Amino acid sequence: MSLDSEIDAENRARLEKMSQEEIAQAQAEVIEKMNPALLQLLKKRSQEKLKKQKHSSSDLASNIELGIRRENQSNNAKNFPNIESNNSQKETTSSNATKSGLDNCLEQNVDPLCGSLWNAWSQRVETVRELRFSLDGTVVENGFVYRPETSGDNVAERDFLRTEGDPGAAGYTINEAVALTRSTVPGQRALALHLLASVLDKALYNIYLNPVGSTLANNSEVDNVVDWQAVWAFALGPDPELILSLRMSLDDNHNSVVLASAKVIQCILSCDLNGNFFDFLEKTTIDLKDTYTAPIFRSKPEIDVGFLHGGFWKYSAKPSNVLPYGVDMLEDETKGKHTIQDDIVVAGQDFAAALVRMGILPRIRYLLEMEPIAPLEECMISILTAIARHSPMCANAIMKCQRLVQTVVHRFTANNNMEVYPSKIKSVCLLKVLAQSGRKNCAEFIENGIFQAMTWQLYQNAFSLEEWLKLERENCKLSSSLMVEQLRLWKVCIQNGYCVPYFSNIFPTLCLWLNPPTIEKLVENNVVREYASISEEAYLVLESLARTLPNFYSHKFQSDRILEGADDNVETWSWSHVGPMVDLAVKWISFKSTLIDSQDGMKGNYVFRDKSLSSLLWVYSAVMHMLSRVLEKVIPEDTIGLQEAGCHMPCLPDFVPKIGLEIIRNRFLSFTFANSSQYGSNLVKGGSFIEQLCSLRQQSEFETSLASVCCLHGFFQVFISINNLIQLAKDGACSPSQLCNFSQQENMLARGILMESLFELRCVFKIFSKFIASEWHFVQSVEIFGRGGPAPGVGHGWGAFGGGFWSKAILLAQTDAWLLSQLLEMFQVVFMEVLPANEGRTFTGEMINSALGLCLIAGPRDKGIVEKALDVMLHIPMLKYLDLCIQHFIGDNGRIKLYGWEYKEDDYLLFSKILNSHFRNRWLSNKKNLKALTGDRTSRGSVSLETIPEDLGISNMTSQDHNCTSLIVEWAHQRLPLPMHWFLSPISTLCDSKHAGLGKVSDIQNLMQGPGDMVEVAGAGMFFLLGLEAMSSFLPADVASPIQSVPIIWKLHSLSIILLIGMVVLDEKKRRDVYESLQEVYGQLLDEARSKGRFETISNMSINLLPETGKRYDVEFLRFQSDIHESYSIFIDTLVEQFAAVSFGDLIYGRQVAVYLHRCVEAPVRLAAWNALSNSRVLELLPPLQKCLGEAEGYLEPVEIALNLVSQHTQIDFDANYSSWVELHSSVEQQILLKFHIKPIPYSIFSIFCKSKIPIHKSIGLVRLAICRVLSMISTEGDKMMS
């Protein structure tokens, strides 16, 4: 029983025995004996508690939901402040707000103009300071913890541990728990650490359960009352006490405190969740590389890239600040060389990096050397694995920490018995991650015998299935997990070019797992998943070995050399081993009919009602990827040259038609037509395996869906390779007897299995196109404040809902993207020529739209997706299709003039070449530190923290990058995921795309000295942009278009950016016409957006309303300063200066400048544009209102406001029909005057009044300012009006 419950029970029992008179008498006695001041204090405290109780948990949840929803809305609109990392977490709780509770979110104006997105987040985090938690991590509501009453008067249950805060309140705040970790009583230290672990674990759990980009509402599995995202950020926030306390607790001399501290660190580093994610990543097999987990942030957009978002990612903490004393972690070098303040600064940027800086690695080595208990050893290995996955610098720190790796290996080999412990499994995983981080590490493991020591179980005598089953399920599970990790370690060594000759020694152990099992025995013993996991990993090892094969027709194969004794750099697998391995893989293809089709479809099979379904699908995925890799090595290296020379391909190996015939025989593909709308919607008996997998992708839980997509990816790779090989063999007049004796199947192979299954592949494409259209917004919704998550430093997905970039939803989306990119590549080569003209054009539009969606999903591991999408979109037939869309679009649109010219074949070739080069250099290139090439940039004598350098170069030579020698990709130094407006870069980049975003631009004029190739890039970009806009207009209404999802503000801004290089952009006839067409398109979009959002009802907000309607005119959605750059007014000044200098009143240039006077533009930008035009004396160069971009009404103040304003000060009776008074060729300011029946004023007089200093509020628009200045001439109360 808790202290509160015990006291409450005693009081109630005594009160029940007292009469009303006795109670009143007792109250009077207490009051007489108490100090009046103390009595007043108690009353005040009671009133405050009552007020807190009035705020129910439902109100709190709704407030949290509202705050997060506003945050997500702003996030989706890309209204992110660009915040540098050094101040990132220090600003989190620096607010001095006196209010508490999430009610303040309602009072915050979430207008990005006020930066309130960050303010709202700061208040959410600051509110956590007052929350109190019980020992199980739950929030104590209203100051009480409700627990079941227990009998007995145990004084130990009373809470006497808290030394600060409210002694009468239940639970602990996070700060109180951190303070308690420094108690002199070991039990109190352990208790505080357990509480922190419970709170952080619960916060991480609830954050992970929320879907990506969602709010807290409508999720029964999630604790909707508490803002756990803010709890996580506050616990790890700017106050350094937590990390300092945890580091000191690791040095405690009580094992219970050390273990509790290790568990807190393990939770903070999200070891379990990250391990689960990387386990799925290992299974996908589509891409070989993992990603580092170090927190990052986006570099600030500069003018040279047109302020486009999507800059290079940077590490939150500079890598050299993690190990400021060189690479060798000598014990005597870390003493007295730096201050705790430096550690605190790094901790505010990156929690894990700060732990390494604080010397956690030598401490872990010491604890491992002291033979710790099993739970502590497991925690230590998990922490080391998380640190190794953090960044190349941290992985290098582990390798350089003296005796650390050797200690881990010694602990693994201390007892060479068959018993398996979890710490052994995690030790092998640690070595695997270190081997992935650098080829040099892998070589060191092999040279020192570490690889052999960690994989000795693979060399033991092979099991039979019966012997393995006798181990019982728990031992089977542990042995399976250990063997999987050992095979993964071997696979990594193979990928690094080592350990290929070990195949002959390990193959006997793999034989059991490479053969299809007796499924009934596995089901009976409930070990299907365990068996399948080993089989899957064994075939993935074979897939890696197949990558090392020489080409089947190369001189290496012809000489039949087995390079098992060769140098490490040229280790290759032998073709003599391939045939038996292919035969084993073909058995799995045949096994499909036994496993799936033997009963009443997949639903009727017991195996597929169990979770074992996903594990078996993983095996099929591995088998097909292995076969596809082998088939790729059979295709001649110079196929195109072979065909052009008229040479014939040598005869195929026997296993090629054998694989193809087994695929046909076991109905992996369907060669009949079916109802496309029903395809893949149900698990239909008799359907093809491809259709069954599509159905599983749509209807199953995450792992089964992911496994299904990976299966499809492997299948299609095999289909493509077989189709190509058979066609080459047919062209080479190979004998049909090589194929098979079955004439029907032989004919299918001869005609091409892809062409025969065209209908089914189209159905698969349609399904996954819909998936991509519904998934790309997940990736776009993750970045908050220009980061990968709202709480940078640690955590699964850096504190973002659902895991952010490490979420299952995004992993599944990226896997879908790989499959769809494969289908696009297939259709581009095979099917475009066989489709009818109309159907082909429709399908081409679908392909381009899908390719645009792929570009928005790709992460740093997925550059191949973007490259394939660019190849599709910039293919010559695709550009011709875009040109055709432009012609149809202009013909249907009466406001755009017809072109008197047309593009030629040479134009398409030039556009394709220019755009391919630009997009790859602009978005897919990596940043290289030029200083790193000159040597070590850290000195042992310097202890000052370094800043993140900007003088970096671009490198497309991945062989020179760290990623080439590492199997783990860094988030830093690259730009993926792309922003939604990435396709605007050709007309927004003011420098060579190879150097975009690298330099600090202090003078914008320097960018306009030599346009160079920028004009050609801009011309190609304008054609591409107009084609995409035209194509999107023809898409069905239910198809999501990435082009239409980009806010119009970015499109208008891009048209302005390119004008900075001068009139040269508009000199050429074709470029000028296309530019003008884009202006007309965006003018129409602007009018549509303005008409949709003209009036909105205002409720529960403190703003000025129109007294007549109770509404406000809220059309300022073109927030250039808020959404694009905070210094946008400087850009306006430069644009106007360029307009005044080179335009000579050019109509197209002028209408682009005039758009900043539109009423939909936010007031500060309108004012800056007006002042710049007035000061430059070029207002008369603006075009007539009817020729401006969009409708004329958009430039005029609403009649409801303007007429009332003028009537109050002039007593003029206005005619409602004012449009007849507007002259067609008058300037903007003259039309404003004519609108209100005021005699036009000569420009010279008007310009004088423009220079007058009349005080205005930022919410007053351009037209109201002009009216006020005119009224100051005709009304003596002009100054009163402005008040």
# chains A, B, ... in the order shown; residues from 1 in each chain; ligands from 1
call {"tool": "select_by_dssp", "arguments": {"residues": "stretch 672-869 of chain A", "states": "alpha helix (DSSP H)", "output": "ChimeraX atom specification"}}
result
/A:689-699,702-731,743-751,753-756,758-780,808-830,837-855,863-869
call {"tool": "write_last_selection", "arguments": {"atoms": "C-alpha atoms", "output": "short mmCIF file (atom, residue, chain, number, x, y, z; two decimals), in the first residue's frame"}}
result
data_model
loop_
_atom_site.label_atom_id
_atom_site.label_comp_id
_atom_site.auth_asym_id
_atom_site.auth_seq_id
_atom_site.Cartn_x
_atom_site.Cartn_y
_atom_site.Cartn_z
CA PHE A 689 1.94 -17.41 -57.14
CA ILE A 690 2.44 -13.77 -58.21
CA GLU A 691 -1.25 -13.03 -57.66
CA GLN A 692 -1.16 -14.75 -54.27
CA LEU A 693 1.80 -12.60 -53.24
CA CYS A 694 0.01 -9.43 -54.37
CA SER A 695 -2.96 -10.48 -52.25
CA LEU A 696 -0.71 -11.05 -49.23
CA ARG A 697 0.85 -7.62 -49.75
CA GLN A 698 -2.57 -5.98 -49.62
CA GLN A 699 -4.14 -7.94 -46.79
CA PHE A 702 3.82 -5.92 -41.92
CA GLU A 703 6.31 -8.80 -42.02
CA THR A 704 4.25 -10.90 -44.41
CA SER A 705 3.67 -7.87 -46.65
CA LEU A 706 7.39 -7.06 -46.68
CA ALA A 707 8.34 -10.67 -47.41
CA SER A 708 5.79 -10.79 -50.24
CA VAL A 709 7.27 -7.72 -51.92
CA CYS A 710 10.80 -9.08 -51.60
CA CYS A 711 9.62 -12.35 -53.16
CA LEU A 712 8.10 -10.47 -56.07
CA HIS A 713 11.30 -8.51 -56.54
CA GLY A 714 13.37 -11.69 -56.71
CA PHE A 715 10.89 -13.40 -59.03
CA PHE A 716 10.86 -10.54 -61.51
CA GLN A 717 14.66 -10.43 -61.56
CA VAL A 718 14.69 -14.12 -62.46
CA PHE A 719 11.96 -13.64 -65.08
CA ILE A 720 13.84 -10.78 -66.76
CA SER A 721 17.14 -12.68 -66.86
CA ILE A 722 15.57 -15.86 -68.24
CA ASN A 723 13.60 -13.90 -70.82
CA ASN A 724 16.74 -12.09 -72.01
CA LEU A 725 18.84 -15.25 -72.11
CA ILE A 726 16.24 -17.23 -74.03
CA GLN A 727 15.83 -14.43 -76.57
CA LEU A 728 19.58 -14.17 -77.03
CA ALA A 729 19.84 -17.93 -77.42
CA LYS A 730 17.01 -17.92 -79.96
CA ASP A 731 18.74 -15.18 -81.95
CA SER A 743 6.57 -28.32 -76.70
CA GLN A 744 4.04 -26.06 -75.02
CA GLN A 745 6.45 -24.88 -72.36
CA GLU A 746 9.20 -24.60 -74.95
CA ASN A 747 7.01 -22.30 -77.01
CA MET A 748 6.30 -20.10 -74.01
CA LEU A 749 10.00 -19.75 -73.33
CA ALA A 750 10.70 -19.03 -76.99
CA ARG A 751 8.04 -16.31 -77.20
CA ILE A 753 7.65 -15.42 -70.53
CA LEU A 754 7.36 -11.68 -69.94
CA MET A 755 5.45 -11.06 -73.14
CA GLU A 756 3.22 -14.03 -72.41
CA LEU A 758 1.85 -9.01 -70.06
CA PHE A 759 -1.64 -8.73 -68.59
CA GLU A 760 -0.61 -9.99 -65.17
CA LEU A 761 2.40 -7.70 -65.00
CA ARG A 762 0.18 -4.73 -65.85
CA CYS A 763 -2.09 -5.71 -62.95
CA VAL A 764 0.90 -5.88 -60.59
CA PHE A 765 2.04 -2.47 -61.81
CA LYS A 766 -1.39 -1.00 -61.14
CA ILE A 767 -1.45 -2.37 -57.59
CA PHE A 768 1.97 -1.04 -56.65
CA SER A 769 1.39 2.31 -58.35
CA LYS A 770 -1.49 2.81 -55.93
CA PHE A 771 0.73 1.82 -53.04
CA ILE A 772 3.39 4.36 -54.02
CA ALA A 773 0.78 7.09 -54.47
CA SER A 774 -0.44 6.49 -50.92
CA GLU A 775 3.02 6.08 -49.35
CA TRP A 776 5.28 8.89 -50.52
CA HIS A 777 3.67 11.37 -48.13
CA PHE A 778 4.92 9.21 -45.20
CA VAL A 779 8.50 10.05 -46.08
CA GLN A 780 7.70 13.71 -46.68
CA LYS A 808 8.13 -0.10 -40.74
CA ALA A 809 5.83 1.99 -42.93
CA ILE A 810 8.72 3.73 -44.67
CA LEU A 811 10.74 0.53 -44.99
CA LEU A 812 7.76 -1.11 -46.67
CA ALA A 813 7.25 1.95 -48.89
CA GLN A 814 10.88 1.90 -50.00
CA THR A 815 10.67 -1.83 -50.72
CA ASP A 816 7.55 -1.19 -52.80
CA ALA A 817 9.49 1.52 -54.60
CA TRP A 818 12.28 -0.89 -55.52
CA LEU A 819 9.75 -3.30 -57.00
CA LEU A 820 7.92 -0.59 -58.94
CA SER A 821 11.20 0.81 -60.28
CA GLN A 822 12.00 -2.69 -61.53
CA LEU A 823 8.62 -2.88 -63.26
CA LEU A 824 9.14 0.54 -64.85
CA GLU A 825 12.50 -0.54 -66.19
CA MET A 826 10.92 -3.73 -67.54
CA PHE A 827 8.04 -1.93 -69.26
CA GLN A 828 10.31 0.69 -70.74
CA VAL A 829 12.31 -1.96 -72.58
CA VAL A 830 9.76 -4.68 -73.35
CA ALA A 837 -1.30 3.85 -79.41
CA ASN A 838 -4.04 5.17 -77.10
CA GLU A 839 -3.39 2.60 -74.42
CA GLY A 840 0.33 3.21 -74.72
CA ARG A 841 -0.07 6.95 -74.15
CA THR A 842 -2.23 6.40 -71.08
CA PHE A 843 0.22 3.90 -69.69
CA THR A 844 3.12 6.27 -70.37
CA GLY A 845 1.46 8.94 -68.23
CA GLU A 846 0.98 6.41 -65.44
CA MET A 847 4.64 5.44 -65.67
CA ILE A 848 5.85 9.04 -65.39
CA ASN A 849 3.54 9.79 -62.49
CA SER A 850 4.71 6.65 -60.70
CA ALA A 851 8.35 7.58 -61.32
CA LEU A 852 7.74 10.97 -59.70
CA GLY A 853 6.33 9.21 -56.63
CA LEU A 854 9.38 6.94 -56.47
CA CYS A 855 11.68 9.95 -56.25
CA LYS A 863 19.85 6.12 -55.01
CA GLY A 864 19.23 3.36 -57.51
CA ILE A 865 15.49 4.05 -57.31
CA VAL A 866 15.96 7.71 -58.26
CA GLU A 867 18.39 6.81 -61.04
CA LYS A 868 15.91 4.34 -62.54
CA ALA A 869 13.09 6.88 -62.22
#
call {"tool": "residues_around", "arguments": {"residues": "A:Ile364", "least_positions_apart": "6", "cutoff": "12 Å", "atoms": "only C-alpha atoms", "output": "PyMOL selection string"}}
result
chain A and resi 247+250-251+258-259+262+355-356+358+370-372+376-384+387+398+401-405+407-408
call {"tool": "residues_around", "arguments": {"residues": "stretch 307-322 of chain A", "least_positions_apart": "3", "cutoff": "6 Å", "atoms": "only C-alpha atoms", "output": "compact mmCIF listing (two decimals) with all heavy atoms, in the first residue's frame"}}
result
# COMPACT_ATOMS: atom_id res chain seq x y z
N SER A 85 22.43 22.81 -35.39
CA SER A 85 22.42 21.75 -34.39
C SER A 85 23.01 22.18 -33.06
O SER A 85 22.64 21.67 -32.02
CB SER A 85 23.20 20.54 -34.91
OG SER A 85 24.57 20.89 -35.05
N PRO A 295 22.33 11.13 -35.43
CA PRO A 295 21.36 12.20 -35.75
C PRO A 295 21.95 13.22 -36.69
O PRO A 295 23.14 13.53 -36.64
CB PRO A 295 21.04 12.81 -34.38
CG PRO A 295 22.23 12.50 -33.55
CD PRO A 295 22.73 11.17 -34.02
N ILE A 296 21.09 13.76 -37.55
CA ILE A 296 21.53 14.69 -38.58
C ILE A 296 20.54 15.84 -38.70
O ILE A 296 19.45 15.81 -38.12
CB ILE A 296 21.69 13.98 -39.93
CG1 ILE A 296 20.60 12.91 -40.15
CG2 ILE A 296 23.03 13.27 -40.01
CD1 ILE A 296 19.31 13.39 -40.64
N PHE A 297 20.93 16.87 -39.43
CA PHE A 297 20.03 17.97 -39.74
C PHE A 297 20.37 18.50 -41.12
O PHE A 297 21.46 18.29 -41.64
CB PHE A 297 20.13 19.09 -38.68
CG PHE A 297 21.44 19.83 -38.70
CD1 PHE A 297 21.55 21.07 -39.30
CD2 PHE A 297 22.56 19.28 -38.10
CE1 PHE A 297 22.74 21.75 -39.32
CE2 PHE A 297 23.77 19.95 -38.12
CZ PHE A 297 23.87 21.19 -38.73
N ARG A 298 19.41 19.18 -41.73
CA ARG A 298 19.58 19.71 -43.08
C ARG A 298 20.40 21.00 -43.05
O ARG A 298 20.25 21.83 -42.15
CB ARG A 298 18.23 20.01 -43.71
CG ARG A 298 17.40 18.80 -44.07
CD ARG A 298 17.78 18.21 -45.40
NE ARG A 298 16.75 17.29 -45.88
CZ ARG A 298 16.87 16.56 -46.98
NH1 ARG A 298 17.96 16.64 -47.71
NH2 ARG A 298 15.90 15.76 -47.35
N SER A 299 21.26 21.15 -44.05
CA SER A 299 21.94 22.43 -44.20
C SER A 299 20.94 23.48 -44.67
O SER A 299 19.93 23.17 -45.30
CB SER A 299 23.09 22.30 -45.21
OG SER A 299 22.59 21.88 -46.47
N PRO A 301 19.13 26.27 -46.74
CA PRO A 301 19.06 26.57 -48.19
C PRO A 301 19.61 27.95 -48.48
O PRO A 301 19.37 28.91 -47.74
CB PRO A 301 17.56 26.48 -48.49
CG PRO A 301 16.88 26.73 -47.19
CD PRO A 301 17.79 26.17 -46.13
N GLU A 302 20.34 28.05 -49.57
CA GLU A 302 20.97 29.30 -49.97
C GLU A 302 20.41 29.76 -51.31
O GLU A 302 19.73 29.01 -52.02
CB GLU A 302 22.50 29.13 -50.05
CG GLU A 302 23.17 28.76 -48.73
CD GLU A 302 23.15 29.89 -47.71
OE1 GLU A 302 22.81 31.04 -48.11
OE2 GLU A 302 23.48 29.65 -46.54
N ILE A 303 20.76 30.97 -51.67
CA ILE A 303 20.24 31.57 -52.89
C ILE A 303 20.77 30.86 -54.13
O ILE A 303 20.10 30.80 -55.16
CB ILE A 303 20.60 33.08 -52.92
CG1 ILE A 303 20.01 33.74 -54.18
CG2 ILE A 303 22.10 33.26 -52.88
CD1 ILE A 303 18.52 33.68 -54.25
N GLN A 349 24.02 17.85 -28.49
CA GLN A 349 23.89 17.62 -29.93
C GLN A 349 23.64 16.15 -30.25
O GLN A 349 22.85 15.82 -31.13
CB GLN A 349 25.17 18.08 -30.64
CG GLN A 349 25.49 19.55 -30.42
CD GLN A 349 26.92 19.88 -30.83
OE1 GLN A 349 27.71 18.99 -31.09
NE2 GLN A 349 27.25 21.16 -30.88
N ASP A 350 24.32 15.28 -29.52
CA ASP A 350 24.28 13.85 -29.87
C ASP A 350 24.59 13.04 -28.61
O ASP A 350 25.72 13.02 -28.13
CB ASP A 350 25.29 13.54 -30.97
CG ASP A 350 25.15 12.14 -31.54
OD1 ASP A 350 24.74 11.24 -30.78
OD2 ASP A 350 25.43 11.94 -32.72
N ALA A 353 27.16 10.04 -29.13
CA ALA A 353 28.51 10.55 -29.34
C ALA A 353 29.11 11.06 -28.05
O ALA A 353 30.32 10.90 -27.80
CB ALA A 353 28.49 11.65 -30.40
N ARG A 357 32.58 10.11 -26.08
CA ARG A 357 33.53 11.15 -25.66
C ARG A 357 33.81 11.06 -24.16
O ARG A 357 34.92 11.37 -23.72
CB ARG A 357 32.95 12.52 -26.03
CG ARG A 357 33.88 13.67 -25.71
CD ARG A 357 33.26 15.01 -26.04
NE ARG A 357 34.11 16.10 -25.61
CZ ARG A 357 35.07 16.65 -26.32
NH1 ARG A 357 35.31 16.20 -27.54
NH2 ARG A 357 35.81 17.63 -25.84
N LEU A 945 36.21 22.58 -29.40
CA LEU A 945 35.26 21.91 -30.27
C LEU A 945 35.25 22.56 -31.63
O LEU A 945 35.26 23.79 -31.75
CB LEU A 945 33.86 21.97 -29.65
CG LEU A 945 33.69 21.24 -28.32
CD1 LEU A 945 32.26 21.40 -27.84
CD2 LEU A 945 34.03 19.77 -28.44
N ILE A 948 31.00 22.54 -37.87
CA ILE A 948 30.80 21.72 -39.06
C ILE A 948 31.20 22.52 -40.29
O ILE A 948 30.67 23.60 -40.53
CB ILE A 948 29.33 21.27 -39.15
CG1 ILE A 948 29.00 20.42 -37.92
CG2 ILE A 948 29.06 20.52 -40.43
CD1 ILE A 948 27.57 20.00 -37.85
N ALA A 972 24.62 11.57 -43.51
CA ALA A 972 25.30 12.85 -43.74
C ALA A 972 25.95 12.86 -45.12
O ALA A 972 26.21 11.82 -45.72
CB ALA A 972 26.35 13.08 -42.66
N HIS A 973 26.18 14.08 -45.61
CA HIS A 973 26.91 14.33 -46.86
C HIS A 973 26.12 13.92 -48.10
O HIS A 973 26.71 13.77 -49.18
CB HIS A 973 28.26 13.63 -46.86
CG HIS A 973 29.04 13.79 -45.59
ND1 HIS A 973 29.16 15.00 -44.95
CD2 HIS A 973 29.71 12.88 -44.83
CE1 HIS A 973 29.88 14.85 -43.86
NE2 HIS A 973 30.21 13.57 -43.75
N GLN A 974 24.82 13.73 -48.00
CA GLN A 974 23.98 13.46 -49.17
C GLN A 974 22.63 14.14 -48.95
O GLN A 974 22.37 14.68 -47.89
CB GLN A 974 23.84 11.97 -49.41
CG GLN A 974 23.27 11.17 -48.26
CD GLN A 974 21.76 11.11 -48.27
OE1 GLN A 974 21.16 10.93 -49.31
NE2 GLN A 974 21.14 11.28 -47.11
N ARG A 975 21.75 14.10 -49.95
CA ARG A 975 20.54 14.93 -49.91
C ARG A 975 19.24 14.14 -49.79
O ARG A 975 18.20 14.73 -49.53
CB ARG A 975 20.45 15.79 -51.17
CG ARG A 975 21.54 16.86 -51.31
CD ARG A 975 21.27 17.69 -52.55
NE ARG A 975 22.16 18.82 -52.68
CZ ARG A 975 23.23 18.85 -53.45
NH1 ARG A 975 23.56 17.77 -54.13
NH2 ARG A 975 23.97 19.93 -53.54
N LEU A 978 14.43 13.30 -51.23
CA LEU A 978 14.25 14.54 -51.98
C LEU A 978 13.05 15.32 -51.46
O LEU A 978 12.08 14.73 -50.99
CB LEU A 978 14.04 14.23 -53.46
CG LEU A 978 15.18 13.53 -54.20
CD1 LEU A 978 14.78 13.31 -55.65
CD2 LEU A 978 16.46 14.33 -54.12
N PRO A 979 13.10 16.64 -51.57
CA PRO A 979 11.91 17.44 -51.24
C PRO A 979 10.86 17.29 -52.35
O PRO A 979 11.17 16.86 -53.47
CB PRO A 979 12.44 18.87 -51.17
CG PRO A 979 13.62 18.86 -52.10
CD PRO A 979 14.24 17.49 -51.98
call {"tool": "atom_distance", "arguments": {"atom1": "atom CA of A:Ser988", "atom2": "atom CA of A:Ile1130"}}
result
16.5 Å
call {"tool": "residues_around", "arguments": {"residues": "A:Asn526", "least_positions_apart": "6", "cutoff": "10 Å", "atoms": "only C-alpha atoms", "output": "PDB file with C-alpha atoms, in the first residue's frame"}}
result
ATOM      1  CA  LEU A 469      14.729 -31.374 -33.473  1.00  0.00           C
ATOM      2  CA  GLU A 472      13.863 -28.920 -28.188  1.00  0.00           C
ATOM      3  CA  ARG A 473      12.318 -25.649 -29.215  1.00  0.00           C
ATOM      4  CA  GLU A 520       5.041 -31.756 -41.161  1.00  0.00           C
ATOM      5  CA  ASP A 610       0.554 -19.477 -38.657  1.00  0.00           C
ATOM      6  CA  SER A 612       5.453 -19.227 -40.285  1.00  0.00           C
TER       7      SER A 612
END
